[in-house]
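Trainee: Take a look at this one; I'll ask things after.
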Amino acid sequence: MDKRKVANLLSSATGLALTIGIAFAIVILLILILSEEPGRAMYFFFIGPFTKAFYFGNMLNQAIPLIFTGLGIAVAFRSSTFNLGGEGQAYAGALATTVILLAMPSAPGIVGILAAIIGAVLISAFLAGLSGFFNMRWGTDTLISSWLLSAAVILIADYFVTGPLDDPASSMMTTAKIAEQFRFLRIYLPSKLDVSIFLAVALAFGTYFFMQRTHWGYEMRMCGVNREFSRYAGIHVGKYLVIPMAISGAFHGLAGSMTLMGTHYRCLKGVTMGIGWNGIAVALIAKNNPIAVIPAALFFAYLNQGAQVAMLRSDVTWELAKIGQAVIFFLVTAQALYGLYKSRKKKVST
Amino acid sequence: MAYLEMQGITKLYPTSGVLANDAVDLTVEKNEIHAIIGENGAGKSTLMKLLYGLEHPDSGVVLFRGEPVKIKDPLAANRLGIGMVHQHFKLVPDFTVAENVVLASEPMKQGLFIDRQTAVRDVGKVIEEHGFSIDPKKKLQSLTVGQMQQVEIVKMLYRNAELLILDEPTSVLTEQEIERLFETLRGLIERGRTIILITHKLEEVMRMSDRVTVMRGGKVVAVRETNDVDKRELSRLMVGKDILLEVDRGPTTFGEPLLELRDISISVRGQERPLLDRVSFQVRGGEIVGIAGVGGNGLAEIEDVIGGLRRTTSGKVILHGEDVTCLSPGQLREVGLAYVPADRLKRGASLPTSVRENCIVTKHHDFLAAGVLKRRSIREFTRRLIEHFSIDAGEGMQAGNLSGGNIQKMILARELASETDFILFSEPTWGLDIASSQFVYERMLELRERGAGVLLISSNLDEILGLADTVLVMYRGRIVGRLDNTKTLNKQTIGEYMLGLRDDSQSEPVVAEVQHG
């Protein structure tokens, strides 16, 4: 690492710390104004997630899908393709998992789980890859097409969940539950934390290795940095409009599948609850570095859990919790985006 | 006192290390057409960008109507009464003519809404006053190129521009449209405006201008009354004296043809003149073929075609005896192509990544073990290149932190490492200092001695004369001269071909026409 890199890293770290500080200050201010018992509210908002095994485990559990989606976005962004359809892809993955597992209720656990993962990954990779293919073929913007496609997919999935697959026995808008043998082992009871966290962490390191060390990762990164250069040098640039999108989709499918088999066990309407969108913010904070995706996802999960605990244990209302969370998300994402904008500008001016 | 005076203008582009303007003085009198001519890279466009506020000079003063001015941006230039018509139009295709003209200075209603009626009326008035023939309510995309240019001029007049800068205004126009433009320019002069005309076409200078400033290598080399000069003298001033390169080009024997272009043409829909017009030539082993020409005459297109980055309309490319027409760059490299591109910062190198990653890009397949890049051998390979080509860099350094000369050495090292027998160099020394240029020349001569075929595309005539065995000159997409580089060949002759004063290719078709007539 040369000096410049170290200096860059330091300045971005202090920048992030400062932004988080300001965001926390705003949340504290909001709580001081709106809460009758501000001390208690603040305690549960910021410290709450660490006070009980249940809270702490659930926090870790919430980070799992965010690691998957964050990785998916990071891979796409690194290759200068933009996947804005993560939410729909994750939902499709969750639904595919449900359909496959409901169809084979008496299959051995491992067989069903593998089939479900493969199905979810394939369908989501196809959905995102389609946007990449459109881009290669006709030059349509992946940002727009992936988002539109995802918006349609969400509605279609909603239809299946509330229509043909609806479980009449449940009062909620949901499918039936998957069989016991497909549910992941919970490792930190009473919380919902399950074994898929190991896969998430392993995949983060695996993705880092893939991007930095393998020849596909190299070609993808080169296309991401400078497509004209890559084309000149003989890299098949068209291919790398599709592949990163498909990989990104696969990660989202995995996120949906894992959260279904690990946490929910059934496909509720809107089961993915924003993990696709938050994956974008996670990747931005991680500056598209696969390993940094882990702490970024944990930070998001921490904020989420803090808001939930504060709601349960103090007079913080749902609205206040959400606003507090939004302030922090907003500022942190803006800071990350600003960094991206600055580096873009620098790239253009040279 | 002069209308516009630019004194001692200096501009250095730090990233590429190019001194684009070196203590340039320019004086323009009121109500004249002042031509600025020079080859590509002579610094004329930079000078105008500085005047129009698109760039800022490192030193020097600008006096406009006798007052010193600092021009921050184009809007500030507009406020002073300076307008510029760019070579590439800056218009919105979905807007009407009037909307395009008033863009950024729209007449408002109640301070909130655009007053379209007033816009159409005012724009219509400007159009009428100057005798243009465009309908302000028409959508821009339905106009011809010539009409679009009129819209650009109207835009400047609408903003009360007294001094109009036109950057290569005829490069995209047909003959009739050029005539029309010249009439317009004369009309503007009658109405008391002043015009700066940037061009490299001598005909236009002779026909249109009152005075002419000649630039070369970032400096002003002459200012003349147009009546006192002729085309030959201007072309001499533009290309300069012969400078002998200190290279030793020994005799070689030419081998088999390694690259051959047969009747390559590229035409673009909506453009009368093809970008390349039946271009044929070959490069043999042990031969350096130099292609000279002014930018915009087909040099860049030849580079793109051979590099596999542009499809041809017709014709064939033969490389090492194989038909490689329309193959991808990757396939071409497999057949045997090494290529040092003109645009080394965008095409030739990836600045945000490491020197290592830049060096292996064309042959990273050779460094794989089960799909994983072998880091140690990549490091060794890169270190070897760095040492061999004395590149002032570390293998892990970001390429963008290297100097221009070292970036070019890195590209050269990478391309020569492929050890193919055919290599294309496009503007290989543009912006480089003498030592780095010398280094490049020596490598090229080594290749030639080794029996490789070298194609050198360059607007630098000294290097063409110093290195090439055969010289081809491009003008308007055609090869107008095929010259053996003997002792008697000089820059003036090549310059005359480059500027369209001589044309050997015309002779045959002319004879044919006579026979038919």
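Labeling convention for the structure tokens: chains A, B, ... as they appear, residues from 1 per chain, ligands from 1 in order of appearance.
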Counting only C-alpha atoms, which residues from chain B have an atom at most 9 Å from any atom of chain A, and could you show them as JSON, numbers by chain?

Mentor: {"B": [15, 16, 307, 308, 309, 328, 329, 330, 331, 332, 333, 339, 341, 345, 346, 347, 348, 349, 350, 351, 352, 353, 357, 361, 362, 363, 364, 365, 367, 368, 370, 371, 372, 373, 374, 375, 396, 397, 400]}

Trainee: So that I can check the secondary structure, give me every residue of stretch 115-216 of chain A assigned strand (DSSP E or B) by backbone DSSP, as number ranges by chain.

Mentor: A: 174, 186, 194, 214

Trainee: Using only C-alpha atoms, which protein or nucleic acid residues come within 9 Å of stretch 119-129 of chain A? Drop anything in the same chain fewer than 6 positions from it, and give the result as an mmCIF file with N, CA and C atoms, in the first residue's frame.

Mentor:
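In the end it all went to part07.cif:
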data_model
loop_
_atom_site.group_PDB
_atom_site.id
_atom_site.type_symbol
_atom_site.label_atom_id
_atom_site.label_comp_id
_atom_site.auth_asym_id
_atom_site.auth_seq_id
_atom_site.Cartn_x
_atom_site.Cartn_y
_atom_site.Cartn_z
ATOM 1 N N ASN A 83 -27.507 -3.003 -10.618
ATOM 2 C CA ASN A 83 -28.673 -3.833 -10.359
ATOM 3 C C ASN A 83 -29.555 -3.144 -9.330
ATOM 4 N N GLY A 85 -32.725 -4.071 -9.071
ATOM 5 C CA GLY A 85 -33.898 -4.945 -8.956
ATOM 6 C C GLY A 85 -33.749 -5.973 -7.851
ATOM 7 N N GLY A 86 -32.869 -5.714 -6.898
ATOM 8 C CA GLY A 86 -32.568 -6.690 -5.855
ATOM 9 C C GLY A 86 -33.777 -7.142 -5.066
ATOM 10 N N GLY A 88 -36.958 -7.419 -5.924
ATOM 11 C CA GLY A 88 -37.763 -8.392 -6.656
ATOM 12 C C GLY A 88 -37.048 -9.727 -6.814
ATOM 13 N N GLN A 89 -35.726 -9.645 -7.024
ATOM 14 C CA GLN A 89 -34.958 -10.879 -7.194
ATOM 15 C C GLN A 89 -34.933 -11.687 -5.895
ATOM 16 N N ALA A 90 -34.801 -11.003 -4.769
ATOM 17 C CA ALA A 90 -34.789 -11.697 -3.479
ATOM 18 C C ALA A 90 -36.155 -12.329 -3.206
ATOM 19 N N TYR A 91 -37.201 -11.578 -3.518
ATOM 20 C CA TYR A 91 -38.563 -12.067 -3.323
ATOM 21 C C TYR A 91 -38.794 -13.308 -4.199
ATOM 22 N N ALA A 92 -38.352 -13.221 -5.443
ATOM 23 C CA ALA A 92 -38.508 -14.359 -6.358
ATOM 24 C C ALA A 92 -37.769 -15.574 -5.810
ATOM 25 N N GLY A 93 -36.582 -15.340 -5.232
ATOM 26 C CA GLY A 93 -35.806 -16.434 -4.652
ATOM 27 C C GLY A 93 -36.544 -17.080 -3.492
ATOM 28 N N ALA A 94 -37.142 -16.236 -2.651
ATOM 29 C CA ALA A 94 -37.885 -16.754 -1.497
ATOM 30 C C ALA A 94 -39.091 -17.565 -1.960
ATOM 31 N N LEU A 95 -39.785 -17.040 -2.963
ATOM 32 C CA LEU A 95 -40.982 -17.723 -3.452
ATOM 33 C C LEU A 95 -40.610 -19.051 -4.114
ATOM 34 N N ALA A 96 -39.528 -19.023 -4.913
ATOM 35 C CA ALA A 96 -39.090 -20.253 -5.584
ATOM 36 C C ALA A 96 -38.753 -21.316 -4.546
ATOM 37 N N THR A 97 -38.059 -20.892 -3.498
ATOM 38 C CA THR A 97 -37.708 -21.809 -2.421
ATOM 39 C C THR A 97 -38.959 -22.449 -1.825
ATOM 40 N N ILE A 100 -40.694 -24.912 -4.304
ATOM 41 C CA ILE A 100 -39.943 -26.168 -4.438
ATOM 42 C C ILE A 100 -40.117 -27.040 -3.195
ATOM 43 N N THR A 142 -29.282 -0.934 -17.510
ATOM 44 C CA THR A 142 -29.641 -1.987 -16.556
ATOM 45 C C THR A 142 -30.322 -1.413 -15.323
ATOM 46 N N SER A 146 -33.675 -3.349 -14.734
ATOM 47 C CA SER A 146 -33.717 -4.254 -13.587
ATOM 48 C C SER A 146 -34.760 -3.776 -12.584
ATOM 49 N N LEU A 149 -38.288 -4.548 -14.091
ATOM 50 C CA LEU A 149 -38.518 -5.990 -14.066
ATOM 51 C C LEU A 149 -38.844 -6.433 -12.642
ATOM 52 N N SER A 150 -38.097 -5.909 -11.697
ATOM 53 C CA SER A 150 -38.282 -6.279 -10.307
ATOM 54 C C SER A 150 -39.644 -5.817 -9.797
ATOM 55 N N VAL A 153 -42.067 -8.257 -10.989
ATOM 56 C CA VAL A 153 -41.905 -9.550 -10.315
ATOM 57 C C VAL A 153 -42.532 -9.510 -8.921
ATOM 58 N N LEU A 241 -21.339 -7.568 -19.439
ATOM 59 C CA LEU A 241 -22.521 -6.788 -19.101
ATOM 60 C C LEU A 241 -23.558 -7.735 -18.507
ATOM 61 N N VAL A 242 -23.470 -9.015 -18.878
ATOM 62 C CA VAL A 242 -24.472 -9.992 -18.460
ATOM 63 C C VAL A 242 -24.031 -10.746 -17.198
ATOM 64 N N ILE A 243 -22.785 -11.247 -17.209
ATOM 65 C CA ILE A 243 -22.343 -12.112 -16.110
ATOM 66 C C ILE A 243 -22.431 -11.435 -14.724
ATOM 67 N N PRO A 244 -21.910 -10.214 -14.562
ATOM 68 C CA PRO A 244 -21.997 -9.610 -13.225
ATOM 69 C C PRO A 244 -23.444 -9.444 -12.768
ATOM 70 N N MET A 245 -24.336 -9.139 -13.718
ATOM 71 C CA MET A 245 -25.741 -8.999 -13.351
ATOM 72 C C MET A 245 -26.296 -10.348 -12.886
ATOM 73 N N ALA A 246 -25.957 -11.410 -13.610
ATOM 74 C CA ALA A 246 -26.453 -12.729 -13.238
ATOM 75 C C ALA A 246 -25.923 -13.131 -11.859
ATOM 76 N N ILE A 247 -24.646 -12.848 -11.605
ATOM 77 C CA ILE A 247 -24.078 -13.173 -10.295
ATOM 78 C C ILE A 247 -24.791 -12.369 -9.210
ATOM 79 N N SER A 248 -25.013 -11.097 -9.518
ATOM 80 C CA SER A 248 -25.709 -10.235 -8.573
ATOM 81 C C SER A 248 -27.100 -10.792 -8.261
ATOM 82 N N GLY A 249 -27.795 -11.216 -9.319
ATOM 83 C CA GLY A 249 -29.111 -11.814 -9.130
ATOM 84 C C GLY A 249 -29.034 -13.083 -8.290
ATOM 85 N N ALA A 250 -28.016 -13.893 -8.548
ATOM 86 C CA ALA A 250 -27.857 -15.141 -7.803
ATOM 87 C C ALA A 250 -27.727 -14.857 -6.307
ATOM 88 N N PHE A 251 -26.947 -13.839 -5.965
ATOM 89 C CA PHE A 251 -26.795 -13.473 -4.554
ATOM 90 C C PHE A 251 -28.131 -13.057 -3.935
ATOM 91 N N HIS A 252 -28.918 -12.344 -4.705
ATOM 92 C CA HIS A 252 -30.217 -11.921 -4.181
ATOM 93 C C HIS A 252 -31.155 -13.108 -4.007
ATOM 94 N N GLY A 253 -31.088 -14.028 -4.967
ATOM 95 C CA GLY A 253 -31.895 -15.235 -4.844
ATOM 96 C C GLY A 253 -31.517 -16.008 -3.594
ATOM 97 N N LEU A 254 -30.226 -16.067 -3.352
ATOM 98 C CA LEU A 254 -29.705 -16.750 -2.176
ATOM 99 C C LEU A 254 -30.215 -16.072 -0.900
ATOM 100 N N GLY A 256 -32.954 -14.393 -0.504
ATOM 101 C CA GLY A 256 -34.356 -14.729 -0.300
ATOM 102 C C GLY A 256 -34.521 -16.150 0.197
ATOM 103 N N SER A 257 -33.778 -17.056 -0.405
ATOM 104 C CA SER A 257 -33.874 -18.469 -0.057
ATOM 105 C C SER A 257 -33.437 -18.716 1.386
#

Trainee: Find the residues around stretch 299-303 of chain A up to 6 Å (only C-alpha atoms counted), leave out those fewer than 4 positions away in its own chain, and share them as a list in words.

Mentor: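 Residues near the query, excluding close chain neighbours: Met59, Gln62 and Ala63 of chain A.
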
Trainee: Could you check the closest approach to B:Asp421 for each of B:Arg284, B:Arg232, B:Arg207, B:Arg121 and tell me which residue wins, using only C-alpha atoms?

Mentor: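 Of the candidates, the smallest distance to B:Asp421 is held by B:Arg284.
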
Trainee: Near A:Leu165, within 10 Å and counting only C-alpha atoms, which residues show up once chain neighbours fewer than 2 positions away are dropped, as a PyMOL selection string?

Mentor: chain A and resi 95+98-99+102+157-163+167-168+173-176+267

Trainee: Can those selected residues be exported to a file as a PDB file, in the first residue's frame so that it contains N, CA and C atoms?

Mentor:
ATOM      1  N   LEU A  95     -39.785 -17.040  -2.963  1.00  0.00           N
ATOM      2  CA  LEU A  95     -40.982 -17.723  -3.452  1.00  0.00           C
ATOM      3  C   LEU A  95     -40.610 -19.051  -4.114  1.00  0.00           C
ATOM      4  N   THR A  98     -39.945 -21.604  -1.545  1.00  0.00           N
ATOM      5  CA  THR A  98     -41.187 -22.095  -0.961  1.00  0.00           C
ATOM      6  C   THR A  98     -41.878 -23.097  -1.870  1.00  0.00           C
ATOM      7  N   VAL A  99     -41.998 -22.721  -3.138  1.00  0.00           N
ATOM      8  CA  VAL A  99     -42.704 -23.578  -4.088  1.00  0.00           C
ATOM      9  C   VAL A  99     -42.014 -24.945  -4.180  1.00  0.00           C
ATOM     10  N   LEU A 102     -42.484 -26.910  -0.858  1.00  0.00           N
ATOM     11  CA  LEU A 102     -43.874 -27.363  -0.657  1.00  0.00           C
ATOM     12  C   LEU A 102     -44.194 -28.518  -1.593  1.00  0.00           C
ATOM     13  N   ALA A 157     -45.287 -12.096  -7.680  1.00  0.00           N
ATOM     14  CA  ALA A 157     -45.074 -12.930  -6.494  1.00  0.00           C
ATOM     15  C   ALA A 157     -46.194 -12.692  -5.471  1.00  0.00           C
ATOM     16  N   ASP A 158     -46.559 -11.418  -5.299  1.00  0.00           N
ATOM     17  CA  ASP A 158     -47.675 -11.094  -4.393  1.00  0.00           C
ATOM     18  C   ASP A 158     -48.928 -11.867  -4.786  1.00  0.00           C
ATOM     19  N   TYR A 159     -49.176 -11.931  -6.089  1.00  0.00           N
ATOM     20  CA  TYR A 159     -50.362 -12.627  -6.576  1.00  0.00           C
ATOM     21  C   TYR A 159     -50.324 -14.099  -6.165  1.00  0.00           C
ATOM     22  N   PHE A 160     -49.168 -14.741  -6.357  1.00  0.00           N
ATOM     23  CA  PHE A 160     -49.087 -16.152  -6.009  1.00  0.00           C
ATOM     24  C   PHE A 160     -49.243 -16.371  -4.511  1.00  0.00           C
ATOM     25  N   VAL A 161     -48.623 -15.481  -3.724  1.00  0.00           N
ATOM     26  CA  VAL A 161     -48.675 -15.645  -2.274  1.00  0.00           C
ATOM     27  C   VAL A 161     -50.105 -15.468  -1.753  1.00  0.00           C
ATOM     28  N   THR A 162     -50.816 -14.496  -2.301  1.00  0.00           N
ATOM     29  CA  THR A 162     -52.156 -14.218  -1.782  1.00  0.00           C
ATOM     30  C   THR A 162     -53.222 -14.994  -2.529  1.00  0.00           C
ATOM     31  N   GLY A 163     -52.855 -15.567  -3.697  1.00  0.00           N
ATOM     32  CA  GLY A 163     -53.839 -16.289  -4.507  1.00  0.00           C
ATOM     33  C   GLY A 163     -53.646 -17.789  -4.447  1.00  0.00           C
ATOM     34  N   ASP A 167     -52.315 -19.893   2.141  1.00  0.00           N
ATOM     35  CA  ASP A 167     -52.639 -20.940   3.110  1.00  0.00           C
ATOM     36  C   ASP A 167     -53.942 -20.576   3.809  1.00  0.00           C
ATOM     37  N   PRO A 168     -55.028 -21.305   3.522  1.00  0.00           N
ATOM     38  CA  PRO A 168     -56.329 -20.941   4.094  1.00  0.00           C
ATOM     39  C   PRO A 168     -56.341 -21.092   5.610  1.00  0.00           C
ATOM     40  N   MET A 173     -51.547 -13.174   5.131  1.00  0.00           N
ATOM     41  CA  MET A 173     -51.373 -13.401   3.706  1.00  0.00           C
ATOM     42  C   MET A 173     -50.054 -14.124   3.513  1.00  0.00           C
ATOM     43  N   THR A 174     -50.150 -15.427   3.475  1.00  0.00           N
ATOM     44  CA  THR A 174     -48.913 -16.219   3.406  1.00  0.00           C
ATOM     45  C   THR A 174     -49.176 -17.593   2.811  1.00  0.00           C
ATOM     46  N   THR A 175     -48.087 -18.228   2.405  1.00  0.00           N
ATOM     47  CA  THR A 175     -48.183 -19.608   1.962  1.00  0.00           C
ATOM     48  C   THR A 175     -48.138 -20.507   3.195  1.00  0.00           C
ATOM     49  N   ALA A 176     -48.267 -21.802   2.962  1.00  0.00           N
ATOM     50  CA  ALA A 176     -48.113 -22.748   4.068  1.00  0.00           C
ATOM     51  C   ALA A 176     -46.650 -22.816   4.468  1.00  0.00           C
ATOM     52  N   CYS A 267     -43.588 -18.188   2.946  1.00  0.00           N
ATOM     53  CA  CYS A 267     -43.447 -16.977   2.142  1.00  0.00           C
ATOM     54  C   CYS A 267     -44.607 -16.043   2.411  1.00  0.00           C
TER      55      CYS A 267
END
